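K.L.:
So here's model_25.cif, just mmCIF, C-alpha atoms:
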```cif
data_data
loop_
_atom_site.group_PDB
_atom_site.id
_atom_site.type_symbol
_atom_site.label_atom_id
_atom_site.label_comp_id
_atom_site.auth_asym_id
_atom_site.auth_seq_id
_atom_site.Cartn_x
_atom_site.Cartn_y
_atom_site.Cartn_z
ATOM 1 C CA GLY A 12 48.801 -23.621 67.754
ATOM 2 C CA ASN A 13 47.935 -23.982 71.434
ATOM 3 C CA SER A 14 45.433 -26.678 72.336
ATOM 4 C CA VAL A 15 44.291 -29.005 75.114
ATOM 5 C CA THR A 16 42.926 -32.531 74.870
ATOM 6 C CA GLN A 17 41.039 -34.063 77.771
ATOM 7 C CA MET A 18 39.612 -37.527 78.080
ATOM 8 C CA GLU A 19 36.033 -37.839 76.935
ATOM 9 C CA GLY A 20 33.282 -37.797 79.494
ATOM 10 C CA PRO A 21 31.069 -38.452 81.199
ATOM 11 C CA VAL A 22 33.097 -40.455 83.674
ATOM 12 C CA THR A 23 30.895 -42.362 86.112
ATOM 13 C CA LEU A 24 32.420 -43.788 89.290
ATOM 14 C CA SER A 25 31.227 -45.260 92.542
ATOM 15 C CA GLU A 26 32.029 -43.454 95.778
ATOM 16 C CA GLU A 27 35.579 -44.157 97.057
ATOM 17 C CA ALA A 28 36.809 -45.197 93.610
ATOM 18 C CA PHE A 29 40.107 -43.941 92.184
ATOM 19 C CA LEU A 30 39.886 -41.116 89.664
ATOM 20 C CA THR A 31 42.141 -40.235 86.755
ATOM 21 C CA ILE A 32 41.270 -37.589 84.182
ATOM 22 C CA ASN A 33 43.850 -37.393 81.418
ATOM 23 C CA CYS A 34 45.009 -34.087 79.973
ATOM 24 C CA THR A 35 47.611 -33.414 77.307
ATOM 25 C CA TYR A 36 48.466 -30.061 75.791
ATOM 26 C CA THR A 37 50.293 -28.331 72.978
ATOM 27 C CA ALA A 38 51.653 -24.930 73.916
ATOM 28 C CA THR A 39 54.280 -22.441 72.864
ATOM 29 C CA GLY A 40 56.813 -21.471 75.461
ATOM 30 C CA TYR A 41 56.754 -22.802 79.009
ATOM 31 C CA PRO A 42 53.180 -22.676 80.300
ATOM 32 C CA SER A 43 51.903 -22.942 83.827
ATOM 33 C CA LEU A 44 49.214 -25.609 84.133
ATOM 34 C CA PHE A 45 45.866 -25.386 85.889
ATOM 35 C CA TRP A 46 42.842 -27.502 86.697
ATOM 36 C CA TYR A 47 39.521 -25.738 87.184
ATOM 37 C CA VAL A 48 36.284 -27.282 88.449
ATOM 38 C CA GLN A 49 32.717 -26.256 87.644
ATOM 39 C CA TYR A 50 30.019 -27.540 89.975
ATOM 40 C CA PRO A 51 26.449 -27.673 88.643
ATOM 41 C CA GLY A 52 25.007 -24.192 88.255
ATOM 42 C CA GLU A 53 28.180 -22.472 89.449
ATOM 43 C CA GLY A 54 31.144 -20.647 87.960
ATOM 44 C CA LEU A 55 34.655 -21.970 87.441
ATOM 45 C CA GLN A 56 36.843 -22.420 90.502
ATOM 46 C CA LEU A 57 40.590 -22.916 90.584
ATOM 47 C CA LEU A 58 41.318 -26.430 91.839
ATOM 48 C CA LEU A 59 45.117 -26.634 91.591
ATOM 49 C CA LYS A 60 48.104 -25.481 89.605
ATOM 50 C CA ALA A 61 51.739 -26.265 88.807
ATOM 51 C CA THR A 62 54.212 -23.780 87.397
ATOM 52 C CA LYS A 63 57.232 -25.840 86.364
ATOM 53 C CA ALA A 64 58.274 -29.327 85.314
ATOM 54 C CA ASP A 65 57.839 -32.062 87.944
ATOM 55 C CA ASP A 66 55.848 -29.749 90.235
ATOM 56 C CA LYS A 67 52.847 -31.382 91.858
ATOM 57 C CA GLY A 68 49.752 -29.314 92.468
ATOM 58 C CA SER A 69 47.309 -30.529 95.105
ATOM 59 C CA ASN A 70 44.052 -29.446 96.729
ATOM 60 C CA LYS A 71 41.060 -31.175 98.363
ATOM 61 C CA GLY A 72 42.648 -34.599 97.805
ATOM 62 C CA PHE A 73 43.193 -33.962 94.086
ATOM 63 C CA GLU A 74 46.700 -34.045 92.624
ATOM 64 C CA ALA A 75 48.321 -33.421 89.252
ATOM 65 C CA THR A 76 51.994 -33.515 88.238
ATOM 66 C CA TYR A 77 53.509 -31.302 85.515
ATOM 67 C CA ARG A 78 55.099 -33.737 83.021
ATOM 68 C CA LYS A 79 57.015 -31.639 80.519
ATOM 69 C CA GLU A 80 58.441 -34.588 78.580
ATOM 70 C CA THR A 81 54.954 -35.950 77.825
ATOM 71 C CA THR A 82 53.177 -32.542 77.867
ATOM 72 C CA SER A 83 50.617 -33.945 80.273
ATOM 73 C CA PHE A 84 48.915 -32.875 83.501
ATOM 74 C CA HIS A 85 46.650 -35.740 84.554
ATOM 75 C CA LEU A 86 44.269 -35.168 87.465
ATOM 76 C CA GLU A 87 44.013 -37.881 90.138
ATOM 77 C CA LYS A 88 42.169 -38.508 93.373
ATOM 78 C CA GLY A 89 42.460 -41.595 95.497
ATOM 79 C CA SER A 90 38.882 -41.766 96.770
ATOM 80 C CA VAL A 91 36.111 -39.737 95.164
ATOM 81 C CA GLN A 92 32.982 -38.546 96.914
ATOM 82 C CA VAL A 93 29.521 -37.748 95.599
ATOM 83 C CA SER A 94 30.315 -34.071 96.205
ATOM 84 C CA ASP A 95 33.120 -34.275 93.607
ATOM 85 C CA SER A 96 30.536 -34.584 90.836
ATOM 86 C CA ALA A 97 31.320 -31.683 88.515
ATOM 87 C CA VAL A 98 32.979 -30.774 85.215
ATOM 88 C CA TYR A 99 36.772 -30.559 85.307
ATOM 89 C CA PHE A 100 38.783 -28.362 82.932
ATOM 90 C CA CYS A 101 42.481 -28.584 82.193
ATOM 91 C CA ALA A 102 44.043 -25.280 81.134
ATOM 92 C CA PRO A 103 47.608 -24.248 80.318
ATOM 93 C CA MET A 104 48.432 -20.568 80.709
ATOM 94 C CA ILE A 105 50.178 -19.257 77.608
ATOM 95 C CA TYR A 106 52.532 -16.410 78.476
ATOM 96 C CA ASN A 107 53.595 -15.238 75.058
ATOM 97 C CA GLN A 108 50.016 -14.171 74.460
ATOM 98 C CA GLY A 109 49.668 -11.952 77.496
ATOM 99 C CA GLY A 110 49.082 -14.693 80.007
ATOM 100 C CA LYS A 111 45.865 -16.331 78.902
ATOM 101 C CA LEU A 112 44.283 -19.674 79.815
ATOM 102 C CA ILE A 113 43.416 -22.108 77.037
ATOM 103 C CA PHE A 114 40.693 -24.500 78.160
ATOM 104 C CA GLY A 115 40.027 -28.072 77.179
ATOM 105 C CA GLN A 116 36.503 -29.230 76.433
ATOM 106 C CA GLY A 117 35.976 -30.385 80.008
ATOM 107 C CA THR A 118 35.373 -33.821 81.510
ATOM 108 C CA GLU A 119 32.163 -34.452 83.370
ATOM 109 C CA LEU A 120 32.499 -36.607 86.481
ATOM 110 C CA SER A 121 29.497 -38.257 88.086
ATOM 111 C CA VAL A 122 30.018 -40.080 91.385
ATOM 112 C CA LYS A 123 27.301 -42.480 92.528
ATOM 113 C CA PRO A 124 26.732 -43.433 96.196
ATOM 114 C CA GLU B 12 37.817 -10.433 99.626
ATOM 115 C CA ALA B 13 34.838 -9.814 97.379
ATOM 116 C CA GLY B 14 34.718 -11.939 94.246
ATOM 117 C CA VAL B 15 34.175 -11.017 90.615
ATOM 118 C CA ALA B 16 30.683 -9.580 90.232
ATOM 119 C CA GLN B 17 28.664 -10.025 87.055
ATOM 120 C CA SER B 18 25.203 -8.945 86.029
ATOM 121 C CA PRO B 19 22.655 -9.821 84.940
ATOM 122 C CA ARG B 20 22.638 -13.484 85.920
ATOM 123 C CA TYR B 21 20.278 -14.473 83.120
ATOM 124 C CA LYS B 22 19.098 -12.757 79.948
ATOM 125 C CA ILE B 23 16.697 -13.839 77.228
ATOM 126 C CA ILE B 24 16.493 -11.764 74.046
ATOM 127 C CA GLU B 25 15.258 -12.163 70.511
ATOM 128 C CA LYS B 26 17.711 -12.438 67.636
ATOM 129 C CA ARG B 27 18.824 -9.107 66.202
ATOM 130 C CA GLN B 28 18.325 -7.374 69.564
ATOM 131 C CA SER B 29 21.226 -5.941 71.521
ATOM 132 C CA VAL B 30 22.415 -6.907 74.994
ATOM 133 C CA ALA B 31 25.082 -5.760 77.441
ATOM 134 C CA PHE B 32 26.835 -7.548 80.287
ATOM 135 C CA TRP B 33 28.638 -5.928 83.177
ATOM 136 C CA CYS B 34 31.636 -7.097 85.197
ATOM 137 C CA ASN B 35 33.322 -5.715 88.314
ATOM 138 C CA PRO B 36 36.652 -7.464 88.965
ATOM 139 C CA ILE B 37 38.395 -8.024 92.264
ATOM 140 C CA SER B 38 39.849 -4.787 93.560
ATOM 141 C CA GLY B 39 43.430 -4.306 92.441
ATOM 142 C CA HIS B 40 43.342 -6.939 89.695
ATOM 143 C CA ALA B 41 44.902 -5.372 86.627
ATOM 144 C CA THR B 42 43.932 -8.045 84.126
ATOM 145 C CA LEU B 43 40.333 -8.713 83.104
ATOM 146 C CA TYR B 44 39.073 -11.391 80.737
ATOM 147 C CA TRP B 45 35.783 -12.142 78.985
ATOM 148 C CA TYR B 46 35.142 -15.756 77.987
ATOM 149 C CA GLN B 47 32.289 -17.353 76.072
ATOM 150 C CA GLN B 48 31.224 -20.846 77.181
ATOM 151 C CA ILE B 49 28.848 -22.633 74.845
ATOM 152 C CA LEU B 50 26.955 -25.542 76.413
ATOM 153 C CA GLY B 51 29.125 -28.658 76.575
ATOM 154 C CA GLN B 52 32.342 -26.842 75.628
ATOM 155 C CA GLY B 53 35.237 -25.246 77.430
ATOM 156 C CA PRO B 54 35.430 -21.467 77.796
ATOM 157 C CA LYS B 55 36.831 -19.555 74.843
ATOM 158 C CA LEU B 56 38.617 -16.246 75.359
ATOM 159 C CA LEU B 57 36.911 -13.283 73.713
ATOM 160 C CA ILE B 58 38.996 -10.380 74.991
ATOM 161 C CA GLN B 59 41.717 -9.624 77.524
ATOM 162 C CA PHE B 60 42.366 -6.240 79.123
ATOM 163 C CA GLN B 61 45.441 -5.096 81.003
ATOM 164 C CA ASN B 62 44.259 -2.107 83.024
ATOM 165 C CA ASN B 63 42.147 -0.304 80.413
ATOM 166 C CA GLY B 64 44.110 -1.421 77.341
ATOM 167 C CA VAL B 65 43.284 -4.399 75.123
ATOM 168 C CA VAL B 66 45.939 -7.166 75.134
ATOM 169 C CA ASP B 67 44.171 -9.743 72.977
ATOM 170 C CA ASP B 68 40.882 -9.520 71.086
ATOM 171 C CA SER B 69 41.779 -11.875 68.264
ATOM 172 C CA GLN B 70 38.732 -14.110 68.839
ATOM 173 C CA LEU B 71 36.203 -11.349 69.395
ATOM 174 C CA PRO B 72 33.666 -11.168 66.515
ATOM 175 C CA LYS B 73 34.130 -7.460 66.083
ATOM 176 C CA ASP B 74 31.282 -7.030 63.628
ATOM 177 C CA ARG B 75 28.824 -7.629 66.479
ATOM 178 C CA PHE B 76 30.728 -7.771 69.765
ATOM 179 C CA SER B 77 32.369 -4.863 71.556
ATOM 180 C CA ALA B 78 33.913 -4.457 74.979
ATOM 181 C CA GLU B 79 35.360 -1.661 77.032
ATOM 182 C CA ARG B 80 37.022 -1.245 80.381
ATOM 183 C CA LEU B 81 36.794 2.336 81.511
ATOM 184 C CA LYS B 82 39.290 3.585 84.085
ATOM 185 C CA GLY B 83 40.799 0.109 84.294
ATOM 186 C CA VAL B 84 38.099 -1.223 86.624
ATOM 187 C CA ASP B 85 34.582 -2.237 85.497
ATOM 188 C CA SER B 86 33.986 -3.684 82.078
ATOM 189 C CA THR B 87 31.027 -4.099 79.758
ATOM 190 C CA LEU B 88 30.605 -6.561 76.901
ATOM 191 C CA LYS B 89 27.988 -5.774 74.261
ATOM 192 C CA ILE B 90 26.454 -7.812 71.469
ATOM 193 C CA GLN B 91 24.628 -6.008 68.677
ATOM 194 C CA PRO B 92 22.834 -7.566 66.880
ATOM 195 C CA ALA B 93 22.582 -10.941 68.609
ATOM 196 C CA LYS B 94 22.409 -14.222 66.713
ATOM 197 C CA LEU B 95 21.047 -17.581 67.826
ATOM 198 C CA GLU B 96 24.588 -18.980 68.039
ATOM 199 C CA ASP B 97 25.474 -16.363 70.659
ATOM 200 C CA SER B 98 23.480 -18.345 73.224
ATOM 201 C CA ALA B 99 26.082 -19.177 75.864
ATOM 202 C CA VAL B 100 27.362 -18.318 79.310
ATOM 203 C CA TYR B 101 29.558 -15.210 79.305
ATOM 204 C CA LEU B 102 32.200 -15.403 81.985
ATOM 205 C CA CYS B 103 34.260 -12.564 83.354
ATOM 206 C CA ALA B 104 37.502 -13.262 85.190
ATOM 207 C CA SER B 105 40.255 -11.185 86.749
ATOM 208 C CA SER B 106 43.843 -11.809 87.733
ATOM 209 C CA PRO B 107 46.444 -9.835 89.683
ATOM 210 C CA GLY B 108 49.262 -10.689 87.294
ATOM 211 C CA ARG B 109 51.296 -13.210 85.347
ATOM 212 C CA GLY B 110 51.412 -16.723 86.699
ATOM 213 C CA ASP B 111 48.332 -16.363 88.813
ATOM 214 C CA GLY B 112 45.138 -18.239 88.157
ATOM 215 C CA TYR B 113 42.034 -16.315 87.391
ATOM 216 C CA THR B 114 39.062 -15.734 89.655
ATOM 217 C CA PHE B 115 35.851 -16.180 87.693
ATOM 218 C CA GLY B 116 32.489 -14.589 88.209
ATOM 219 C CA SER B 117 29.303 -16.637 88.195
ATOM 220 C CA GLY B 118 28.618 -15.706 84.576
ATOM 221 C CA THR B 119 25.676 -14.399 82.588
ATOM 222 C CA ARG B 120 23.587 -17.025 80.824
ATOM 223 C CA LEU B 121 22.343 -15.582 77.519
ATOM 224 C CA THR B 122 19.572 -17.223 75.548
ATOM 225 C CA VAL B 123 18.827 -15.855 72.084
ATOM 226 C CA VAL B 124 15.447 -16.933 70.685
#
```
Before anything else, please render the file you have as structure tokens.
P.N.:
Amino acid sequence: GNSVTQMEGPVTLSEEAFLTINCTYTATGYPSLFWYVQYPGEGLQLLLKATKADDKGSNKGFEATYRKETTSFHLEKGSVQVSDSAVYFCAPMIYNQGGKLIFGQGTELSVKP
Amino acid sequence: EAGVAQSPRYKIIEKRQSVAFWCNPISGHATLYWYQQILGQGPKLLIQFQNNGVVDDSQLPKDRFSAERLKGVDSTLKIQPAKLEDSAVYLCASSPGRGDGYTFGSGTRLTVV
């Protein structure tokens, strides 16, 4: 079946540290890949996406590259800020089921000053 | 552009009572989704509508949950009767079409006591 595995949280970093959140997926067909972010007390917001192999999605200093051969979509940022503290969700979009997002369990990031 | 509107924001009910949530998607978005997000987990799809037809309701507990989308615009999700394990945030999202990420509403936080 379709599934997503994200690295366990919480991840605690100091400001300006390098961030990697690992994501691997199992999906039928050729999914598009998304990262969503959920700030405390808020709804989910689209962070970035990639629609085909080797595409790199980027936004707000975050990047992720679609790696079809390893079925991965790891999220990276070179220098995190306190304001990046949130829960991050990796989600492939499965098209043979009407275009639906399958979410991982989320990875909580806490950035300390 | 106005976002996805949901109401109420919070709801507390006793078990075995009924409850209804309302969602107004972004104008022109044909696809509407209801997700359930239990604390500490990723969102799980309950039902997907394309215009006013159901595309996927395979994970909707149909003995107690129902949803409708009249005239292909607003949608309501109902739980009757509620159980303690239904305590969660219910998220509504809409999308203009295949390949596009969703826009989520702020959600309704349901507490069943």
K.L.:
What does the distance between CA of Gln17 (chain A) and CA of Leu50 (chain B) come to in Å, to one decimal place?
P.N.:
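Computed distance, CA of Gln17 (chain A) to CA of Leu50 (chain B), equals 16.5 Å.
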K.L.:
As a count of residues only, please: the residues near region 30-40 of chain A (cut-off 10 Å, only C-alpha atoms, same-chain neighbours under 2 positions excluded).
P.N.:
51
K.L.:
Using only C-alpha atoms, which of the listed residues (B:Ala78, B:Ile37, B:Ile24, B:Val30) sits closest to Thr114 (chain B)?
P.N.:
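Distance minimum relative to Thr114 (chain B) lands on B:Ile37.
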K.L.:
Residues near region 110-112 of chain A, anyone? I mean within 10 Å using only C-alpha atoms, not counting same-chain ones fewer than 6 positions away, as a VMD selection string.
P.N.:
(chain A and resid 42 to 45 101 to 104) or (chain B and resid 42 44 54 to 56 58 to 59 66 to 67 106 108 to 113)
K.L.:
Give the answer as one residue: which of B:Ile90, B:Ile23, B:Val100, B:Ala31 has the shortest atom-to-atom distance to chain A, using all atoms listed in the file?
P.N.:
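Once distances to chain A are computed over all atoms listed in the file, the minimum belongs to B:Val100.
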K.L.:
For the file shown, what are the residues hit by the PyMOL selection byres ((chain B) within 6 of (chain A)), laid out as a PyMOL selection string?
P.N.:
chain B and resi 52-53+109+115+117
K.L.:
Name the residues that the PyMOL selection byres ((chain B and resi 101) around 7) pulls out of this structure, and write them as a list of chain:residue names.
P.N.:
B:Trp45, B:Tyr46, B:Gln47, B:Gln48, B:Ala99, B:Val100, B:Leu102, B:Cys103, B:Gly118, B:Thr119, B:Arg120
K.L.:
So which one's closest to Ser29 (chain B), B:Gly51, B:Pro92, B:Gly64, B:Gly14? Using all atoms listed in the file, please.
P.N.:
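For Ser29 (chain B), the nearest of the given residues is B:Pro92.
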